[in-house]
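Chemist: The file below is data_18.txt, compact mmCIF, C-alpha atoms:
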```
# COMPACT_ATOMS: atom_id res chain seq x y z
CA MET D 1 0.00 0.00 0.00
CA ASN D 2 1.18 3.52 -0.78
CA ILE D 3 0.03 6.04 1.82
CA LEU D 4 0.48 9.81 1.97
CA PHE D 5 0.18 11.87 5.14
CA LEU D 6 -0.91 15.45 4.51
CA ILE D 7 -0.23 17.98 7.28
CA GLY D 8 0.46 21.67 7.77
CA SER D 9 3.95 21.18 9.19
CA LEU D 10 6.02 18.85 11.33
CA GLY D 11 6.83 21.47 13.94
CA ASN D 12 5.93 21.28 17.64
CA GLY D 13 2.64 19.73 18.69
CA GLY D 14 1.03 16.39 19.45
CA LYS D 15 -0.12 15.45 15.95
CA GLU D 16 3.19 16.64 14.49
CA ARG D 17 5.14 14.48 16.94
CA LEU D 18 2.90 11.51 16.08
CA ILE D 19 3.56 11.80 12.34
CA ARG D 20 7.29 12.30 12.94
CA ASP D 21 7.35 9.13 15.05
CA VAL D 22 5.68 7.15 12.25
CA MET D 23 7.97 8.57 9.56
CA GLU D 24 11.06 7.78 11.65
CA ILE D 25 10.38 4.02 11.59
CA GLN D 26 10.12 3.62 7.82
CA ASN D 27 11.79 0.21 7.85
CA GLU D 28 9.25 -1.21 10.31
CA LEU D 29 6.11 0.00 8.54
CA PRO D 30 3.81 -2.53 6.83
CA PHE D 31 3.07 0.06 4.13
CA ARG D 32 5.04 2.62 2.13
CA THR D 33 4.46 6.17 3.24
CA TRP D 34 5.30 9.75 2.34
CA CYS D 35 4.48 12.98 4.12
CA VAL D 36 3.63 16.26 2.40
CA CYS D 37 3.91 19.42 4.51
CA ARG D 38 2.27 22.65 3.44
CA LYS D 39 4.60 24.75 5.60
CA SER D 40 8.16 24.41 6.87
CA PRO D 41 9.85 22.65 8.55
CA ALA D 42 9.76 19.55 6.37
CA GLU D 43 12.80 17.38 7.01
CA GLY D 44 13.36 13.64 6.90
CA GLU D 45 13.17 10.68 4.57
CA ARG D 46 10.16 10.88 2.24
CA VAL D 47 9.05 14.19 3.77
CA ILE D 48 8.28 16.76 1.08
CA LEU D 49 7.49 20.46 1.34
CA LEU D 50 4.79 21.73 -1.03
CA PRO D 51 3.94 25.32 -0.02
CA SER D 52 0.21 26.05 -0.09
CA ARG D 53 0.38 29.86 -0.24
CA ARG D 54 -1.00 29.59 -3.81
CA PRO D 55 -3.84 27.06 -3.39
CA PHE D 56 -4.40 26.30 -7.09
CA HIS D 57 -0.70 25.67 -7.69
CA PHE D 58 -0.54 23.55 -4.53
CA ILE D 59 -3.47 21.37 -5.62
CA LEU D 60 -1.86 20.76 -9.04
CA SER D 61 1.52 19.94 -7.43
CA LEU D 62 -0.10 17.60 -4.93
CA ARG D 63 -2.04 15.85 -7.69
CA LYS D 64 1.15 15.35 -9.70
CA PHE D 65 2.92 13.91 -6.63
CA ILE D 66 0.03 11.54 -5.89
CA ARG D 67 -0.05 10.26 -9.47
CA SER D 68 3.71 9.84 -9.86
CA ASN D 69 4.00 7.88 -6.58
CA LYS D 70 0.81 5.86 -7.14
CA ILE D 71 -0.64 6.95 -3.82
CA GLN D 72 -3.70 4.84 -2.94
CA LEU D 73 -4.78 6.69 0.19
CA VAL D 74 -4.21 10.20 1.56
CA HIS D 75 -4.43 10.52 5.34
CA ALA D 76 -5.21 14.18 6.08
CA GLN D 77 -4.46 15.56 9.53
CA SER D 78 -7.19 18.24 9.52
CA ALA D 79 -10.49 19.01 7.82
CA PHE D 80 -8.75 21.64 5.69
CA ASP D 81 -6.13 19.10 4.57
CA ALA D 82 -8.94 16.65 3.72
CA ILE D 83 -10.64 19.17 1.43
CA LEU D 84 -7.36 19.97 -0.31
CA ALA D 85 -6.69 16.25 -0.77
CA TYR D 86 -10.14 15.71 -2.24
CA LEU D 87 -9.66 18.51 -4.78
CA ALA D 88 -6.22 17.16 -5.72
CA THR D 89 -7.50 13.62 -6.31
CA LEU D 90 -10.70 14.25 -8.26
CA GLY D 91 -11.15 11.41 -10.71
CA LEU D 92 -8.10 9.45 -9.50
CA GLY D 93 -9.94 6.98 -7.26
CA THR D 94 -7.65 7.86 -4.33
CA HIS D 95 -9.18 7.32 -0.89
CA ILE D 96 -9.23 10.17 1.63
CA VAL D 97 -9.06 9.58 5.40
CA GLN D 98 -8.83 12.33 8.00
CA THR D 99 -7.91 12.43 11.69
CA PHE D 100 -9.50 14.88 14.09
CA HIS D 101 -6.87 15.78 16.68
CA SER D 102 -8.89 18.44 18.50
CA TYR D 103 -11.67 17.95 21.04
CA GLU D 104 -13.17 21.39 20.54
CA PHE D 105 -14.98 21.22 17.24
CA ALA D 106 -16.01 24.25 15.22
CA SER D 107 -18.68 26.56 16.59
CA LYS D 108 -18.69 29.22 13.87
CA PRO D 109 -21.03 28.29 10.98
CA ARG D 110 -18.41 28.46 8.20
CA PHE D 111 -15.90 26.27 10.06
CA LYS D 112 -18.64 23.88 11.13
CA LEU D 113 -19.63 23.63 7.46
CA MET D 114 -15.99 22.84 6.58
CA GLU D 115 -15.93 20.03 9.16
CA ARG D 116 -19.17 18.55 7.83
CA LEU D 117 -17.94 18.86 4.25
CA ALA D 118 -14.64 17.13 5.05
CA PHE D 119 -16.49 14.41 6.95
CA GLY D 120 -18.68 13.78 3.92
CA LEU D 121 -15.73 13.66 1.50
CA CYS D 122 -13.67 11.17 3.53
CA VAL D 123 -14.22 7.42 3.51
CA ARG D 124 -13.30 7.36 7.21
CA SER D 125 -12.84 9.96 9.93
CA VAL D 126 -10.42 8.91 12.65
CA PHE D 127 -10.64 10.02 16.29
CA VAL D 128 -8.04 9.54 19.01
CA SER D 129 -10.48 8.43 21.74
CA GLN D 130 -14.01 7.12 22.13
CA GLN D 131 -14.98 10.27 24.04
CA GLN D 132 -13.79 12.54 21.25
CA MET D 133 -15.62 10.45 18.63
CA GLN D 134 -18.90 10.52 20.57
CA HIS D 135 -18.60 14.26 21.11
CA PHE D 136 -18.20 14.87 17.37
CA ALA D 137 -21.27 12.74 16.63
CA GLU D 138 -23.30 14.79 19.12
CA VAL D 139 -22.07 18.17 17.84
CA HIS D 140 -22.91 17.31 14.23
CA HIS D 141 -26.01 15.17 14.97
CA LEU D 142 -24.68 12.24 12.96
CA SER D 143 -27.02 9.51 11.77
CA LEU D 144 -26.28 5.82 12.37
CA LYS D 145 -25.06 5.55 8.78
CA GLN D 146 -22.75 8.55 9.23
CA LYS D 147 -21.44 7.13 12.52
CA SER D 148 -20.34 4.03 10.62
CA LYS D 149 -17.66 6.22 8.97
CA GLN D 150 -16.11 6.99 12.37
CA LYS D 151 -13.13 5.07 13.70
CA VAL D 152 -11.00 5.29 16.86
CA VAL D 153 -7.25 4.92 16.47
CA TYR D 154 -5.40 5.68 19.68
CA ASN D 155 -2.29 7.82 19.47
CA GLY D 156 1.05 6.11 19.73
CA VAL D 157 4.32 7.06 21.39
CA ASN D 158 7.86 6.08 20.50
CA PHE D 159 8.67 4.95 24.03
CA SER D 160 12.35 4.53 23.21
CA ARG D 161 12.57 8.24 24.11
CA PHE D 162 11.20 7.53 27.60
CA PRO D 163 13.45 5.36 29.74
CA LEU D 164 11.57 3.15 32.19
CA THR D 165 13.05 4.12 35.54
CA ASN D 166 12.72 2.59 38.99
CA HIS D 167 11.96 5.82 40.85
CA LYS D 168 13.67 5.68 44.23
CA PRO D 169 12.17 8.34 46.55
CA ASN D 170 14.07 11.62 46.65
CA PRO D 171 14.94 13.16 50.05
CA GLN D 172 12.80 16.11 48.96
CA LEU D 173 9.62 15.12 47.11
CA LYS D 174 9.86 16.11 43.43
CA MET D 175 6.74 16.42 41.28
CA ALA D 176 5.83 17.75 37.85
CA MET D 177 3.10 18.52 35.35
CA VAL D 178 3.72 18.67 31.58
CA GLY D 179 1.49 20.93 29.50
CA ASN D 180 1.52 24.32 27.82
CA PHE D 181 -0.18 27.23 29.52
CA VAL D 182 -3.43 27.28 27.59
CA PRO D 183 -7.09 27.51 28.70
CA GLU D 184 -7.60 23.75 28.32
CA LYS D 185 -5.01 22.99 31.01
CA ASP D 186 -5.66 23.75 34.69
CA GLN D 187 -2.34 24.57 36.30
CA LEU D 188 -4.10 26.88 38.78
CA PHE D 189 -5.91 23.91 40.30
CA VAL D 190 -2.58 22.16 40.78
CA LEU D 191 -1.25 25.29 42.48
CA GLU D 192 -4.24 25.30 44.86
CA PHE D 193 -3.36 21.71 45.73
CA LEU D 194 0.28 22.66 46.28
CA LYS D 195 -0.75 25.55 48.53
CA THR D 196 -2.80 23.12 50.63
CA ILE D 197 -0.02 20.57 51.12
CA SER D 198 2.55 23.34 51.74
CA THR D 199 0.78 23.99 55.06
CA GLN D 200 0.99 20.31 56.03
CA ASP D 201 4.72 20.02 56.64
CA ILE D 202 5.42 18.30 53.29
CA ASP D 203 8.79 19.20 51.83
CA PHE D 204 8.39 19.31 48.04
CA GLU D 205 9.57 20.87 44.80
CA PHE D 206 7.24 21.15 41.81
CA SER D 207 8.05 21.80 38.14
CA PHE D 208 5.66 23.02 35.47
CA ILE D 209 7.05 21.92 32.11
CA GLY D 210 5.32 23.78 29.33
CA GLU D 211 5.38 26.81 27.08
CA ARG D 212 3.96 30.23 27.81
CA LYS D 213 1.70 30.86 24.81
CA SER D 214 1.55 34.42 23.48
CA GLN D 215 -2.14 33.94 22.58
CA PHE D 216 -2.99 33.22 26.23
CA PRO D 217 -0.49 35.18 28.38
CA TYR D 218 -2.88 35.27 31.34
CA CYS D 219 -2.72 31.47 31.74
CA TYR D 220 0.95 31.74 32.65
CA GLU D 221 0.86 35.12 34.40
CA ASN D 222 -1.98 34.09 36.73
CA CYS D 223 0.05 31.07 37.86
CA VAL D 224 3.16 33.15 38.57
CA LYS D 225 1.11 35.68 40.54
CA TYR D 226 -0.54 32.89 42.51
CA CYS D 227 2.87 31.58 43.54
CA GLU D 228 4.02 35.05 44.57
CA ASN D 229 0.86 35.72 46.58
CA ASN D 230 0.85 32.34 48.34
CA GLY D 231 4.50 31.81 49.23
CA LEU D 232 5.14 29.12 46.60
CA SER D 233 7.77 30.88 44.50
CA LYS D 234 10.68 28.98 46.06
CA LYS D 235 8.94 25.62 45.76
CA VAL D 236 7.43 25.92 42.28
CA HIS D 237 9.51 26.24 39.11
CA PHE D 238 8.37 27.21 35.62
CA LEU D 239 10.73 25.43 33.25
CA GLY D 240 9.13 26.54 29.98
CA LYS D 241 9.35 24.54 26.79
CA ARG D 242 11.89 21.72 27.16
CA ASP D 243 13.32 19.12 24.81
CA ASP D 244 14.47 16.89 27.68
CA VAL D 245 11.08 15.97 29.17
CA PRO D 246 11.92 12.23 29.43
CA GLN D 247 15.08 13.03 31.39
CA LEU D 248 13.19 15.42 33.67
CA LEU D 249 10.51 12.81 34.40
CA GLU D 250 13.26 10.36 35.39
CA LYS D 251 14.05 12.60 38.38
CA MET D 252 10.47 12.90 39.68
CA ASP D 253 8.57 11.08 42.41
CA ALA D 254 5.05 11.80 41.14
CA PHE D 255 3.15 13.38 38.27
CA ILE D 256 0.16 15.62 39.03
CA TYR D 257 -2.12 16.59 36.16
CA SER D 258 -5.29 18.61 35.78
CA SER D 259 -7.09 19.46 32.55
CA ARG D 260 -10.40 20.99 31.51
CA SER D 261 -10.50 19.40 28.07
CA GLU D 262 -8.47 16.66 26.41
CA THR D 263 -8.62 14.43 23.34
CA PHE D 264 -6.20 11.73 24.46
CA GLY D 265 -3.81 12.86 27.20
CA LEU D 266 -0.40 12.27 25.66
CA ALA D 267 1.46 13.82 28.62
CA VAL D 268 -0.36 11.48 31.01
CA VAL D 269 0.50 8.41 28.91
CA GLU D 270 4.16 9.44 28.72
CA ALA D 271 4.33 9.96 32.50
CA ILE D 272 2.80 6.53 33.18
CA ALA D 273 5.23 4.98 30.69
CA SER D 274 8.11 6.56 32.61
CA GLY D 275 7.20 4.52 35.70
CA LEU D 276 5.83 7.45 37.68
CA PRO D 277 2.87 7.32 40.06
CA VAL D 278 0.36 9.52 38.20
CA PHE D 279 -2.55 11.53 39.62
CA VAL D 280 -5.01 12.88 37.07
CA ASN D 281 -8.54 14.29 37.17
CA ASP D 282 -11.42 12.06 36.12
CA LEU D 283 -12.38 13.51 32.75
CA PRO D 284 -14.11 10.74 30.75
CA VAL D 285 -11.15 10.54 28.35
CA PHE D 286 -8.73 9.95 31.25
CA ASP D 287 -11.02 7.26 32.60
CA GLU D 288 -10.84 5.70 29.12
CA ILE D 289 -7.08 5.80 28.55
CA THR D 290 -6.21 4.74 32.14
CA GLN D 291 -8.62 1.81 31.90
CA GLY D 292 -10.94 3.12 34.58
CA GLY D 293 -8.12 4.25 36.84
CA ARG D 294 -6.20 0.98 36.62
CA LEU D 295 -3.08 2.68 35.23
CA ALA D 296 -3.19 5.90 37.27
CA THR D 297 -4.92 7.41 40.28
CA LEU D 298 -8.03 9.34 39.28
CA TYR D 299 -9.46 12.10 41.47
CA ALA D 300 -12.71 14.04 41.07
CA THR D 301 -12.22 17.04 38.79
CA GLY D 302 -11.94 20.23 40.81
CA ASP D 303 -11.93 18.42 44.17
CA ILE D 304 -8.88 19.60 46.14
CA GLN D 305 -9.77 17.54 49.20
CA GLN D 306 -10.02 14.29 47.29
CA LEU D 307 -6.69 14.89 45.58
CA CYS D 308 -5.14 15.65 48.99
CA ASN D 309 -6.61 12.44 50.41
CA VAL D 310 -5.27 10.17 47.66
CA PHE D 311 -1.94 12.02 47.74
CA HIS D 312 -1.55 11.43 51.50
CA HIS D 313 -2.28 7.76 50.88
CA PHE D 314 0.54 7.80 48.31
CA LEU D 315 2.93 9.37 50.84
CA SER D 316 2.05 6.69 53.40
CA HIS D 317 2.45 3.83 50.89
CA GLN D 318 5.00 5.27 48.47
CA GLN D 319 6.81 2.02 47.69
CA GLU D 320 3.52 0.29 46.87
CA TYR D 321 2.70 3.06 44.40
CA ILE D 322 6.18 2.82 42.86
CA ASN D 323 5.82 -0.95 42.40
CA ALA D 324 2.39 -0.54 40.80
CA ALA D 325 3.70 2.26 38.58
CA MET D 326 6.33 -0.06 37.10
CA ILE D 327 3.63 -2.58 36.16
CA ASN D 328 1.42 0.18 34.74
CA ALA D 329 4.32 1.50 32.68
CA GLN D 330 4.64 -1.79 30.85
CA ARG D 331 0.88 -1.96 30.22
CA VAL D 332 0.88 1.53 28.74
CA ARG D 333 3.87 0.71 26.56
CA ASP D 334 2.00 -2.30 25.19
CA ASN D 335 -1.26 -0.43 24.57
CA TYR D 336 -0.03 2.91 23.23
CA SER D 337 3.24 2.20 21.47
CA ILE D 338 3.90 3.71 18.06
CA LEU D 339 3.90 0.16 16.62
CA ALA D 340 0.44 -0.49 18.08
CA HIS D 341 -0.71 2.76 16.46
CA VAL D 342 0.79 1.72 13.11
CA ALA D 343 -0.90 -1.71 13.34
CA SER D 344 -4.27 0.01 13.82
CA LEU D 345 -3.61 2.27 10.83
CA ASN D 346 -2.57 -0.69 8.71
CA SER D 347 -5.79 -2.53 9.56
CA LEU D 348 -7.85 0.54 8.66
CA TYR D 349 -6.00 1.20 5.39
CA SER D 350 -6.21 -2.46 4.34
CA GLN D 351 -9.97 -2.57 4.89
CA ILE D 352 -10.50 0.55 2.77
CA ILE D 353 -8.16 -0.33 -0.11
CA LYS D 354 -9.38 -3.95 -0.37
CA LYS D 355 -12.89 -2.62 -1.08
CA GLN D 356 -11.70 -1.05 -4.35
```
Could you take the file, read its structure, and then write that structure out as structure tokens?

Modeler:
Amino acid sequence: MNILFLIGSLGNGGKERLIRDVMEIQNELPFRTWCVCRKSPAEGERVILLPSRRPFHFILSLRKFIRSNKIQLVHAQSAFDAILAYLATLGLGTHIVQTFHSYEFASKPRFKLMERLAFGLCVRSVFVSQQQMQHFAEVHHLSLKQKSKQKVVYNGVNFSRFPLTNHKPNPQLKMAMVGNFVPEKDQLFVLEFLKTISTQDIDFEFSFIGERKSQFPYCYENCVKYCENNGLSKKVHFLGKRDDVPQLLEKMDAFIYSSRSETFGLAVVEAIASGLPVFVNDLPVFDEITQGGRLATLYATGDIQQLCNVFHHFLSHQQEYINAAMINAQRVRDNYSILAHVASLNSLYSQIIKKQ
């Protein structure tokens, strides 16, 4: 099978990292694949840059590429990419699949129309969790027939980047959360938790690993002010965007996470895979990916007291949590590896192409 991924760029971001991980294991793939990026950067084997600043020229160039490489299926990474792929393959018999990577679907009429149009043009629409897929069906009032075009393919991680470490307790408790400072993440809730335990004679150090986004400066600034106003500035560190997240997680004793909205929870999966005891709020998607709390400790969203209670249980039984975390790490690595993701894609592609 000849497969083409179509994406804006392979810069920073969850879907970009996912495609890079797939492209980096060319020799292990059960299909041949290329990746076309509409923007830079575009580096790597079989990764091609086709600028889309001139849409008509882009569509013609993409069509030429698809024909010359005998592409059988284009896997678009957004609704916009799906529409471009459809226009470029008119009359060629090429299949179009798209993945929705966002949980927040369009609310404005024109963008909602684009989503519905792309959904109609694609033979399958892929979602990264059951919760995300159900939400899309509700937003767009899909019929049973339309729902049959939906498919869940869980994200995958190249776990070779994340060493599995036996976390021996540090003299001073070290904890972290990974996530950019955006409205969907709830770092302020974590700070409220830290303020509570700071009054309980618990010696700790906490690191927020994530980028301050210029579009949402208040998300970061409110957290810094909270630390200043509540005596946490010496205990809490803002590390910004880091390329050494796996190495930082190696040094931690626990991972505390809170989110308002999530499609999959890549940071949570990576923390579990690192052998860390993980505490995460009980959004339905976290219940799904942690197998009902089997792989991590779930606490009620927004409930400081419950998080404090389960955290004190962790402190009293730390070695038990560490032992369980090592078992959970292996389970996560089996369920959400990049090879498991590729196997799911291969099954999907084979079903579609065999129907030709």

Chemist: Would you mind telling me which residue in D:Val190, D:Leu50, D:Ile19, D:Leu10 lies nearest to Arg63 of chain D when using all atoms listed in the file?

Modeler: D:Leu50

Chemist: Near Ile197 of chain D, within 12 Å and counting all atoms listed in the file, which residues show up once chain neighbours fewer than 5 positions away are dropped, as a list in words?

Modeler: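 Those residues are Leu173, Val190, Leu191, Glu192, Ile202, Asp203, Phe204, Glu205, Phe206, Leu232, Lys235, Ile304, Gln305, Leu307, Cys308, Asn309, Phe311, His312 and Leu315 of chain D.
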
Chemist: Create the file for the chosen residues now, containing C-alpha atoms and written as a short mmCIF file (atom, residue, chain, number, x, y, z; two decimals), in the coordinates of the input.

Modeler:
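What landed in result24.cif:
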```cif
data_model
loop_
_atom_site.label_atom_id
_atom_site.label_comp_id
_atom_site.auth_asym_id
_atom_site.auth_seq_id
_atom_site.Cartn_x
_atom_site.Cartn_y
_atom_site.Cartn_z
CA LEU D 173 9.62 15.12 47.11
CA VAL D 190 -2.58 22.16 40.78
CA LEU D 191 -1.25 25.29 42.48
CA GLU D 192 -4.24 25.30 44.86
CA ILE D 202 5.42 18.30 53.29
CA ASP D 203 8.79 19.20 51.83
CA PHE D 204 8.39 19.31 48.04
CA GLU D 205 9.57 20.87 44.80
CA PHE D 206 7.24 21.15 41.81
CA LEU D 232 5.14 29.12 46.60
CA LYS D 235 8.94 25.62 45.76
CA ILE D 304 -8.88 19.60 46.14
CA GLN D 305 -9.77 17.54 49.20
CA LEU D 307 -6.69 14.89 45.58
CA CYS D 308 -5.14 15.65 48.99
CA ASN D 309 -6.61 12.44 50.41
CA PHE D 311 -1.94 12.02 47.74
CA HIS D 312 -1.55 11.43 51.50
CA LEU D 315 2.93 9.37 50.84
#
```

Chemist: Write out as a ChimeraX atom specification which residues come within 6 Å of segment 71-79 of chain D when counting all atoms listed in the file, dropping same-chain ones fewer than 2 positions away.

Modeler: /D:2-7,66,69,81-82,94-99,115,118

Chemist: Excluding segment 282-295 of chain D and its own-chain neighbours fewer than 4 positions away, which residues fall within 8 Å of it when counting only C-alpha atoms? Please give them as a tab-separated table (two decimals) with C-alpha atoms, in the frame of the given file.

Modeler:
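Output contents, as saved in out29.tsv:
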```tsv
chain	number	residue	atom	x	y	z
D	129	SER	CA	-10.48	8.43	21.74
D	130	GLN	CA	-14.01	7.12	22.13
D	131	GLN	CA	-14.98	10.27	24.04
D	132	GLN	CA	-13.79	12.54	21.25
D	259	SER	CA	-7.09	19.46	32.55
D	260	ARG	CA	-10.40	20.99	31.51
D	261	SER	CA	-10.50	19.40	28.07
D	262	GLU	CA	-8.47	16.66	26.41
D	263	THR	CA	-8.62	14.43	23.34
D	264	PHE	CA	-6.20	11.73	24.46
D	265	GLY	CA	-3.81	12.86	27.20
D	272	ILE	CA	2.80	6.53	33.18
D	299	TYR	CA	-9.46	12.10	41.47
D	300	ALA	CA	-12.71	14.04	41.07
D	301	THR	CA	-12.22	17.04	38.79
D	325	ALA	CA	3.70	2.26	38.58
D	328	ASN	CA	1.42	0.18	34.74
D	329	ALA	CA	4.32	1.50	32.68
D	331	ARG	CA	0.88	-1.96	30.22
D	332	VAL	CA	0.88	1.53	28.74
```

Chemist: Any idea what's packed within 9 Å of Tyr257 of chain D, counting all atoms listed in the file, ignoring anything in its chain fewer than 5 positions away? Could you give it as an MDAnalysis selection string?

Modeler: chainID D and resid 176:179 185:187 190 267:268 278:281

Chemist: So what do you get for atom CA of Leu298 of chain D versus atom CA of Phe314 of chain D, distance-wise?

Modeler: 12.5 Å

Chemist: With all atoms listed in the file as the counted atoms, please give the residues lying no more than 7 Å from Pro277 of chain D, apart from itself and same-chain residues fewer than 3 positions off, as a list in words.

Modeler: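 Answer for this query is Ala254, Phe255, Ile272, Ala296, Tyr321, Ile322 and Ala325 of chain D.
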
Chemist: Tell me which of D:Ser52, D:Asn155, D:Ser61, D:Asn12 sits closest to Ser344 of chain D, counting all atoms listed in the file.

Modeler: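 The answer is D:Asn155, which sits nearest to Ser344 of chain D.
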
Chemist: Choose the residue, out of D:Leu348, D:Ser207, D:Glu24, D:Gly8, that has the smallest atom-to-atom separation from Gln150 of chain D; count all atoms listed in the file.

Modeler: D:Leu348

Chemist: Please indicate the distance in Å from atom CA of Asn180 of chain D to atom CA of Glu211 of chain D, rounded to one decimal place.

Modeler: 4.7 Å

Chemist: Name the closest residue to Glu228 of chain D among the candidates D:His341, D:Leu62, D:Lys195, D:His57; distances are taken between atoms, counting all atoms listed in the file.

Modeler: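 For Glu228 of chain D, the nearest of the candidates is D:Lys195.
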